[in-house]
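Colleague: Let me give you the structure first, and then I'll get to my questions.
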Amino acid sequence: MISSFFIGVTIIWPAELSGRSEMICLCLKADASKSNGESDVAVYDSVNDAAELLPPSCGLDRPLPASACSIFLLFCSSFLGELIWIEMFLEVTLPSKSGRLTLVPPSEVDDVYVAALRCRPETRRYLRYLPEFFSVTDARDRRLSRELDSTLVDFHIHLPSTQADAPSSFIGTTGIFKIEEVNKSCEVGILISSDYFRGGFATEALHRVLLYVFEERNLHRAEFVTSADNLAMRGWLDKAGATLEGTKRGAWADPTTGGYDDACVYGILQEEWMASVKGRLEARINRTS
Ligand SMILES: CC(C)(COP(=O)(O)OP(=O)(O)OC[C@H]1O[C@@H](n2cnc3c(N)ncnc32)[C@H](O)[C@@H]1OP(=O)(O)O)[C@@H](O)C(=O)NCCC(=O)NCCS
């Protein structure tokens, strides 16, 4: 669900002149939910990664670059010797079917959790190519580099807090990548924190991702590639009704043996989603929630 978009002007500004930082970004936020057409204005300091809202009712609860998702347009022009960038962001937050979780754009506050998740033995068990050590800085660098990549959309999986003023909690990551506009296809990935395994969270998160893929982005094909011995993911895919299309031999490096593991390719086509996969996932969601 697209709730709002941002149009920003980034000005590279010498520190001596601004007294704040080397770079200041003036952002206009146009909120689609506002019927009076008003736009709120925020000043974003991209060096200190903080947004100052003008007026405070702007409603931005996270640094603006973290809100950037799926569409990113960048124009450059010269103005009085300063470089002006105009950026457009789409902010996407997807509530799951039962409301038990939300898929939110990656943000800085989650870097620490992403770093921990990607190093967990349970996560690396079948994704052996993942590095043993992955720092918060690595997570930050990965997030920032992926924000600019239009061939992917990353989401963090959050459980909404039961208390009004408490933040939601991070339980994993999901998203689509290798998006091919010509073939209308993408690959899908998911990592759930092992504390939440077998709780129906992958089902609920992937149901929302596939809804986004097939019904909102109108893609034709979603592909999953998983290690041949990943019984959890393969069990999940079999149960969902995905089709096992083949095995890529020696596809994934295995640093623990110095060899290479086989990987299985599963596919779901748009018509299969509509005819059966969606219904199967929804039946499971209804049982769990
Ligand atoms: C694979 C993974 C995403 C499943 O997440 P989950 O939240 O536990 O899955 P759900 O609870 O929604 O679905 C459970 C279903 O998945 C399958 N499944 C999950 N764990 C399983 C296991 N250890 N053995 C066999 N099937 C399993 C079963 O079909 C199960 O249904 P059941 O509980 O009725 O038997 C999770 O184990 C994970 O993140 N693993 C580590 C990272 C990873 O390998 N990601 C996949 C990369 S390709």
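Following the order of the structure tokens, first chain is A, next is B, and so on, with residues numbered from 1 inside each chain and ligands from 1 in the order they appear.
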Residues of range 93-135 of chain A that approach range 150-174 of chain A to 10 Å or less, counting only C-alpha atoms: could you list each one with the shortest pair of atoms and its distance in Å to one decimal, rows by chain and increasing residue number, as a Markdown table?

Modeller:
```
| residue | atom | partner | partner_atom | distance |
| --- | --- | --- | --- | --- |
| A:Thr93 | CA | A:Phe155 | CA | 8.5 |
| A:Leu94 | CA | A:Phe155 | CA | 9.0 |
| A:Pro95 | CA | A:His158 | CA | 9.6 |
| A:Ser96 | CA | A:Ile157 | CA | 9.7 |
| A:Gly99 | CA | A:Pro160 | CA | 8.4 |
| A:Arg100 | CA | A:Leu159 | CA | 6.5 |
| A:Leu101 | CA | A:Leu159 | CA | 4.6 |
| A:Thr102 | CA | A:His158 | CA | 5.3 |
| A:Leu103 | CA | A:Ile157 | CA | 4.8 |
| A:Val104 | CA | A:His156 | CA | 5.2 |
| A:Pro105 | CA | A:Phe155 | CA | 5.0 |
| A:Pro106 | CA | A:His156 | CA | 5.6 |
| A:Ser107 | CA | A:His156 | CA | 8.4 |
| A:Val109 | CA | A:Phe170 | CA | 9.7 |
| A:Asp110 | CA | A:Phe170 | CA | 7.0 |
| A:Tyr113 | CA | A:Phe170 | CA | 7.1 |
| A:Val114 | CA | A:Gly172 | CA | 7.6 |
| A:Leu117 | CA | A:Gly172 | CA | 7.4 |
| A:Arg118 | CA | A:Gly172 | CA | 9.6 |
```

Colleague: Within 7 Å of ligand 1, counting only C-alpha atoms and all ligand atoms, which protein or nucleic acid residues do you find, written as a ChimeraX atom specification?

Modeller: /A:122-123,126-127,189-194,196-204,224-227,230-233,235-236,239

Colleague: Using only C-alpha atoms, which of the listed residues (A:Phe133, A:Ser98, A:Asp238, A:Tyr212) sits closest to Thr288 in chain A?

Modeller: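 The answer is A:Ser98, which sits nearest to Thr288 in chain A.
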
Colleague: So which residues touch range 213-218 of chain A within 12 Å, counting only C-alpha atoms, skipping near sequence neighbours fewer than 2 positions away, as a ChimeraX atom specification?

Modeller: /A:1-2,70,92,94,152-153,175-177,179-181,183-188,206-211,220-223,268-274,277-278

Colleague: Could you save the residues just selected, with C-alpha atoms, as a short mmCIF file (atom, residue, chain, number, x, y, z; two decimals), in the first residue's frame?

Modeller:
```cif
data_model
loop_
_atom_site.label_atom_id
_atom_site.label_comp_id
_atom_site.auth_asym_id
_atom_site.auth_seq_id
_atom_site.Cartn_x
_atom_site.Cartn_y
_atom_site.Cartn_z
CA MET A 1 0.00 0.00 0.00
CA ILE A 2 1.56 3.29 -1.05
CA SER A 70 10.91 0.69 -4.97
CA VAL A 92 5.72 1.28 1.28
CA LEU A 94 2.52 -3.63 3.90
CA LEU A 152 15.03 -5.31 -5.67
CA VAL A 153 12.65 -4.37 -2.86
CA GLY A 175 11.78 -9.18 -0.19
CA ILE A 176 12.17 -9.59 -3.90
CA PHE A 177 15.28 -9.25 -6.02
CA ILE A 179 13.35 -8.14 -10.77
CA GLU A 180 13.17 -8.42 -14.55
CA GLU A 181 10.65 -5.99 -16.02
CA ASN A 183 10.09 -11.14 -18.21
CA LYS A 184 7.94 -9.85 -15.34
CA SER A 185 9.77 -12.10 -12.92
CA CYS A 186 11.63 -11.90 -9.63
CA GLU A 187 13.29 -14.02 -6.98
CA VAL A 188 11.95 -14.10 -3.42
CA LEU A 206 5.43 -14.49 2.11
CA HIS A 207 1.67 -14.33 1.51
CA ARG A 208 2.00 -10.54 1.69
CA VAL A 209 5.12 -10.48 -0.50
CA LEU A 210 3.47 -12.68 -3.15
CA LEU A 211 0.32 -10.53 -3.06
CA HIS A 220 4.18 -13.14 -13.90
CA ARG A 221 6.66 -15.38 -12.08
CA ALA A 222 8.22 -15.64 -8.62
CA GLU A 223 11.21 -17.90 -8.09
CA ILE A 268 5.12 -19.92 -8.76
CA LEU A 269 3.33 -18.40 -11.77
CA GLN A 270 0.75 -15.66 -11.44
CA GLU A 271 -2.09 -17.96 -12.52
CA GLU A 272 -1.00 -20.59 -9.96
CA TRP A 273 -0.99 -17.91 -7.28
CA MET A 274 -4.55 -16.94 -8.15
CA VAL A 277 -1.21 -20.92 -3.78
CA LYS A 278 -2.94 -17.85 -2.38
#
```

Colleague: Could you pull out the residues in range 74-247 of chain A that DSSP calls helix (DSSP H, G or I) from the backbone, as an mmCIF file with N, CA and C atoms, in the first residue's frame?

Modeller:
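part.cif was written with the following content:
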```cif
data_model
loop_
_atom_site.group_PDB
_atom_site.id
_atom_site.type_symbol
_atom_site.label_atom_id
_atom_site.label_comp_id
_atom_site.auth_asym_id
_atom_site.auth_seq_id
_atom_site.Cartn_x
_atom_site.Cartn_y
_atom_site.Cartn_z
ATOM 1 N N GLU A 108 17.528 2.298 9.650
ATOM 2 C CA GLU A 108 18.776 2.267 10.415
ATOM 3 C C GLU A 108 18.598 1.571 11.765
ATOM 4 N N VAL A 109 17.444 1.767 12.406
ATOM 5 C CA VAL A 109 17.250 1.179 13.739
ATOM 6 C C VAL A 109 17.341 -0.346 13.715
ATOM 7 N N ASP A 110 17.093 -0.944 12.543
ATOM 8 C CA ASP A 110 17.130 -2.412 12.449
ATOM 9 C C ASP A 110 18.511 -2.960 12.093
ATOM 10 N N ASP A 111 19.469 -2.093 11.783
ATOM 11 C CA ASP A 111 20.782 -2.595 11.329
ATOM 12 C C ASP A 111 21.372 -3.592 12.328
ATOM 13 N N VAL A 112 21.222 -3.292 13.596
ATOM 14 C CA VAL A 112 21.807 -4.157 14.622
ATOM 15 C C VAL A 112 21.147 -5.541 14.608
ATOM 16 N N TYR A 113 19.850 -5.577 14.358
ATOM 17 C CA TYR A 113 19.126 -6.860 14.337
ATOM 18 C C TYR A 113 19.444 -7.647 13.060
ATOM 19 N N VAL A 114 19.570 -6.915 11.951
ATOM 20 C CA VAL A 114 19.915 -7.574 10.680
ATOM 21 C C VAL A 114 21.299 -8.204 10.803
ATOM 22 N N ALA A 115 22.231 -7.459 11.406
ATOM 23 C CA ALA A 115 23.593 -7.978 11.575
ATOM 24 C C ALA A 115 23.556 -9.276 12.383
ATOM 25 N N ALA A 116 22.804 -9.271 13.480
ATOM 26 C CA ALA A 116 22.736 -10.467 14.337
ATOM 27 C C ALA A 116 22.055 -11.623 13.605
ATOM 28 N N LEU A 117 20.973 -11.318 12.887
ATOM 29 C CA LEU A 117 20.221 -12.379 12.183
ATOM 30 C C LEU A 117 21.078 -13.085 11.142
ATOM 31 N N ARG A 118 21.852 -12.309 10.374
ATOM 32 C CA ARG A 118 22.613 -12.902 9.274
ATOM 33 C C ARG A 118 23.792 -13.748 9.757
ATOM 34 N N CYS A 119 24.196 -13.554 11.044
ATOM 35 C CA CYS A 119 25.304 -14.366 11.605
ATOM 36 C C CYS A 119 24.808 -15.591 12.358
ATOM 37 N N PRO A 121 23.722 -19.084 13.645
ATOM 38 C CA PRO A 121 23.960 -20.422 13.095
ATOM 39 C C PRO A 121 22.723 -20.984 12.396
ATOM 40 N N GLU A 122 21.527 -20.714 12.960
ATOM 41 C CA GLU A 122 20.293 -21.253 12.360
ATOM 42 C C GLU A 122 20.048 -20.622 10.983
ATOM 43 N N THR A 123 20.447 -19.345 10.826
ATOM 44 C CA THR A 123 20.273 -18.684 9.526
ATOM 45 C C THR A 123 21.282 -19.228 8.528
ATOM 46 N N ARG A 124 22.526 -19.433 9.008
ATOM 47 C CA ARG A 124 23.612 -19.837 8.108
ATOM 48 C C ARG A 124 23.629 -21.344 7.851
ATOM 49 N N VAL A 136 27.357 -4.432 12.359
ATOM 50 C CA VAL A 136 26.293 -3.436 12.167
ATOM 51 C C VAL A 136 26.675 -2.516 11.011
ATOM 52 N N THR A 137 27.950 -2.214 10.890
ATOM 53 C CA THR A 137 28.402 -1.377 9.762
ATOM 54 C C THR A 137 28.180 -2.111 8.437
ATOM 55 N N ASP A 138 28.439 -3.416 8.430
ATOM 56 C CA ASP A 138 28.168 -4.200 7.208
ATOM 57 C C ASP A 138 26.674 -4.125 6.861
ATOM 58 N N ALA A 139 25.839 -4.242 7.896
ATOM 59 C CA ALA A 139 24.388 -4.200 7.669
ATOM 60 C C ALA A 139 23.974 -2.840 7.126
ATOM 61 N N ARG A 140 24.574 -1.801 7.673
ATOM 62 C CA ARG A 140 24.251 -0.443 7.225
ATOM 63 C C ARG A 140 24.684 -0.262 5.766
ATOM 64 N N ASP A 141 25.917 -0.675 5.461
ATOM 65 C CA ASP A 141 26.428 -0.509 4.091
ATOM 66 C C ASP A 141 25.567 -1.285 3.098
ATOM 67 N N ARG A 142 25.156 -2.491 3.517
ATOM 68 C CA ARG A 142 24.315 -3.313 2.640
ATOM 69 C C ARG A 142 22.969 -2.613 2.398
ATOM 70 N N ARG A 143 22.377 -2.108 3.487
ATOM 71 C CA ARG A 143 21.078 -1.439 3.362
ATOM 72 C C ARG A 143 21.186 -0.228 2.427
ATOM 73 N N LEU A 144 22.207 0.586 2.624
ATOM 74 C CA LEU A 144 22.330 1.801 1.816
ATOM 75 C C LEU A 144 22.583 1.473 0.348
ATOM 76 N N SER A 145 23.400 0.464 0.082
ATOM 77 C CA SER A 145 23.679 0.142 -1.321
ATOM 78 C C SER A 145 22.431 -0.431 -1.995
ATOM 79 N N ARG A 146 21.619 -1.177 -1.240
ATOM 80 C CA ARG A 146 20.437 -1.786 -1.835
ATOM 81 C C ARG A 146 19.298 -0.787 -2.026
ATOM 82 N N GLU A 147 19.321 0.310 -1.237
ATOM 83 C CA GLU A 147 18.288 1.338 -1.405
ATOM 84 C C GLU A 147 18.289 1.917 -2.811
ATOM 85 N N SER A 194 15.286 -17.412 14.382
ATOM 86 C CA SER A 194 14.960 -18.776 14.838
ATOM 87 C C SER A 194 14.051 -18.780 16.078
ATOM 88 N N ASP A 195 14.007 -17.669 16.824
ATOM 89 C CA ASP A 195 13.092 -17.592 17.973
ATOM 90 C C ASP A 195 11.635 -17.708 17.528
ATOM 91 N N TYR A 196 11.414 -17.461 16.238
ATOM 92 C CA TYR A 196 10.025 -17.420 15.741
ATOM 93 C C TYR A 196 9.720 -18.533 14.742
ATOM 94 N N PHE A 201 5.043 -17.367 10.729
ATOM 95 C CA PHE A 201 5.438 -16.009 10.324
ATOM 96 C C PHE A 201 5.915 -15.956 8.871
ATOM 97 N N ALA A 202 6.638 -16.997 8.418
ATOM 98 C CA ALA A 202 7.048 -17.012 7.003
ATOM 99 C C ALA A 202 5.807 -17.074 6.119
ATOM 100 N N THR A 203 4.827 -17.860 6.533
ATOM 101 C CA THR A 203 3.593 -17.992 5.751
ATOM 102 C C THR A 203 2.924 -16.631 5.588
ATOM 103 N N GLU A 204 2.809 -15.943 6.704
ATOM 104 C CA GLU A 204 2.114 -14.648 6.662
ATOM 105 C C GLU A 204 2.932 -13.606 5.889
ATOM 106 N N ALA A 205 4.252 -13.604 6.098
ATOM 107 C CA ALA A 205 5.099 -12.607 5.411
ATOM 108 C C ALA A 205 5.140 -12.899 3.905
ATOM 109 N N LEU A 206 5.318 -14.173 3.537
ATOM 110 C CA LEU A 206 5.426 -14.487 2.107
ATOM 111 C C LEU A 206 4.085 -14.352 1.393
ATOM 112 N N HIS A 207 2.989 -14.591 2.106
ATOM 113 C CA HIS A 207 1.673 -14.329 1.514
ATOM 114 C C HIS A 207 1.587 -12.864 1.101
ATOM 115 N N ARG A 208 2.078 -11.973 1.990
ATOM 116 C CA ARG A 208 2.000 -10.536 1.686
ATOM 117 C C ARG A 208 2.952 -10.149 0.555
ATOM 118 N N VAL A 209 4.146 -10.771 0.567
ATOM 119 C CA VAL A 209 5.115 -10.482 -0.498
ATOM 120 C C VAL A 209 4.562 -10.943 -1.847
ATOM 121 N N LEU A 210 3.969 -12.144 -1.873
ATOM 122 C CA LEU A 210 3.466 -12.676 -3.148
ATOM 123 C C LEU A 210 2.236 -11.902 -3.637
ATOM 124 N N LEU A 211 1.444 -11.419 -2.684
ATOM 125 C CA LEU A 211 0.323 -10.531 -3.060
ATOM 126 C C LEU A 211 0.869 -9.275 -3.746
ATOM 127 N N TYR A 212 1.922 -8.745 -3.155
ATOM 128 C CA TYR A 212 2.584 -7.564 -3.738
ATOM 129 C C TYR A 212 3.137 -7.895 -5.136
ATOM 130 N N VAL A 213 3.785 -9.050 -5.249
ATOM 131 C CA VAL A 213 4.409 -9.450 -6.519
ATOM 132 C C VAL A 213 3.355 -9.613 -7.618
ATOM 133 N N PHE A 214 2.318 -10.414 -7.311
ATOM 134 C CA PHE A 214 1.388 -10.819 -8.375
ATOM 135 C C PHE A 214 0.214 -9.856 -8.570
ATOM 136 N N GLU A 215 -0.226 -9.220 -7.485
ATOM 137 C CA GLU A 215 -1.457 -8.425 -7.614
ATOM 138 C C GLU A 215 -1.189 -6.929 -7.603
ATOM 139 N N GLU A 216 -0.060 -6.514 -7.021
ATOM 140 C CA GLU A 216 0.225 -5.089 -7.009
ATOM 141 C C GLU A 216 1.259 -4.723 -8.074
ATOM 142 N N LEU A 231 15.441 -28.429 4.423
ATOM 143 C CA LEU A 231 14.140 -29.103 4.521
ATOM 144 C C LEU A 231 13.039 -28.152 4.978
ATOM 145 N N ALA A 232 13.419 -27.144 5.765
ATOM 146 C CA ALA A 232 12.402 -26.205 6.255
ATOM 147 C C ALA A 232 11.827 -25.401 5.089
ATOM 148 N N MET A 233 12.721 -24.806 4.291
ATOM 149 C CA MET A 233 12.236 -23.978 3.178
ATOM 150 C C MET A 233 11.570 -24.842 2.116
ATOM 151 N N ARG A 234 12.157 -25.998 1.841
ATOM 152 C CA ARG A 234 11.561 -26.872 0.821
ATOM 153 C C ARG A 234 10.191 -27.404 1.287
ATOM 154 N N GLY A 235 10.104 -27.703 2.593
ATOM 155 C CA GLY A 235 8.815 -28.149 3.141
ATOM 156 C C GLY A 235 7.780 -27.047 3.006
ATOM 157 N N TRP A 236 8.233 -25.832 3.284
ATOM 158 C CA TRP A 236 7.322 -24.685 3.183
ATOM 159 C C TRP A 236 6.817 -24.543 1.742
ATOM 160 N N LEU A 237 7.752 -24.634 0.783
ATOM 161 C CA LEU A 237 7.394 -24.439 -0.632
ATOM 162 C C LEU A 237 6.476 -25.553 -1.134
ATOM 163 N N ASP A 238 6.775 -26.777 -0.718
ATOM 164 C CA ASP A 238 5.912 -27.905 -1.125
ATOM 165 C C ASP A 238 4.494 -27.686 -0.612
ATOM 166 N N LYS A 239 4.421 -27.287 0.668
ATOM 167 C CA LYS A 239 3.103 -27.106 1.282
ATOM 168 C C LYS A 239 2.325 -25.959 0.624
ATOM 169 N N ALA A 240 3.066 -24.938 0.195
ATOM 170 C CA ALA A 240 2.406 -23.792 -0.443
ATOM 171 C C ALA A 240 1.923 -24.144 -1.853
#
```

Colleague: Would you work out the distance separating CA of Lys178 in chain A from CA of Arg120 in chain A, expressed in Å to one decimal?

Modeller: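 Spanning CA of Lys178 in chain A to CA of Arg120 in chain A is a straight-line distance of 24.9 Å.
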
Colleague: When you look at Thr256 in chain A with a cut-off of 10 Å (counting only C-alpha atoms), what residues show up, excluding the ones that are within fewer than 4 positions of it in the same chain? I need them as a list of chain:residue names.

Modeller: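 Using only C-alpha atoms, the neighbours found are A:Arg128, A:Tyr129, A:Tyr260.
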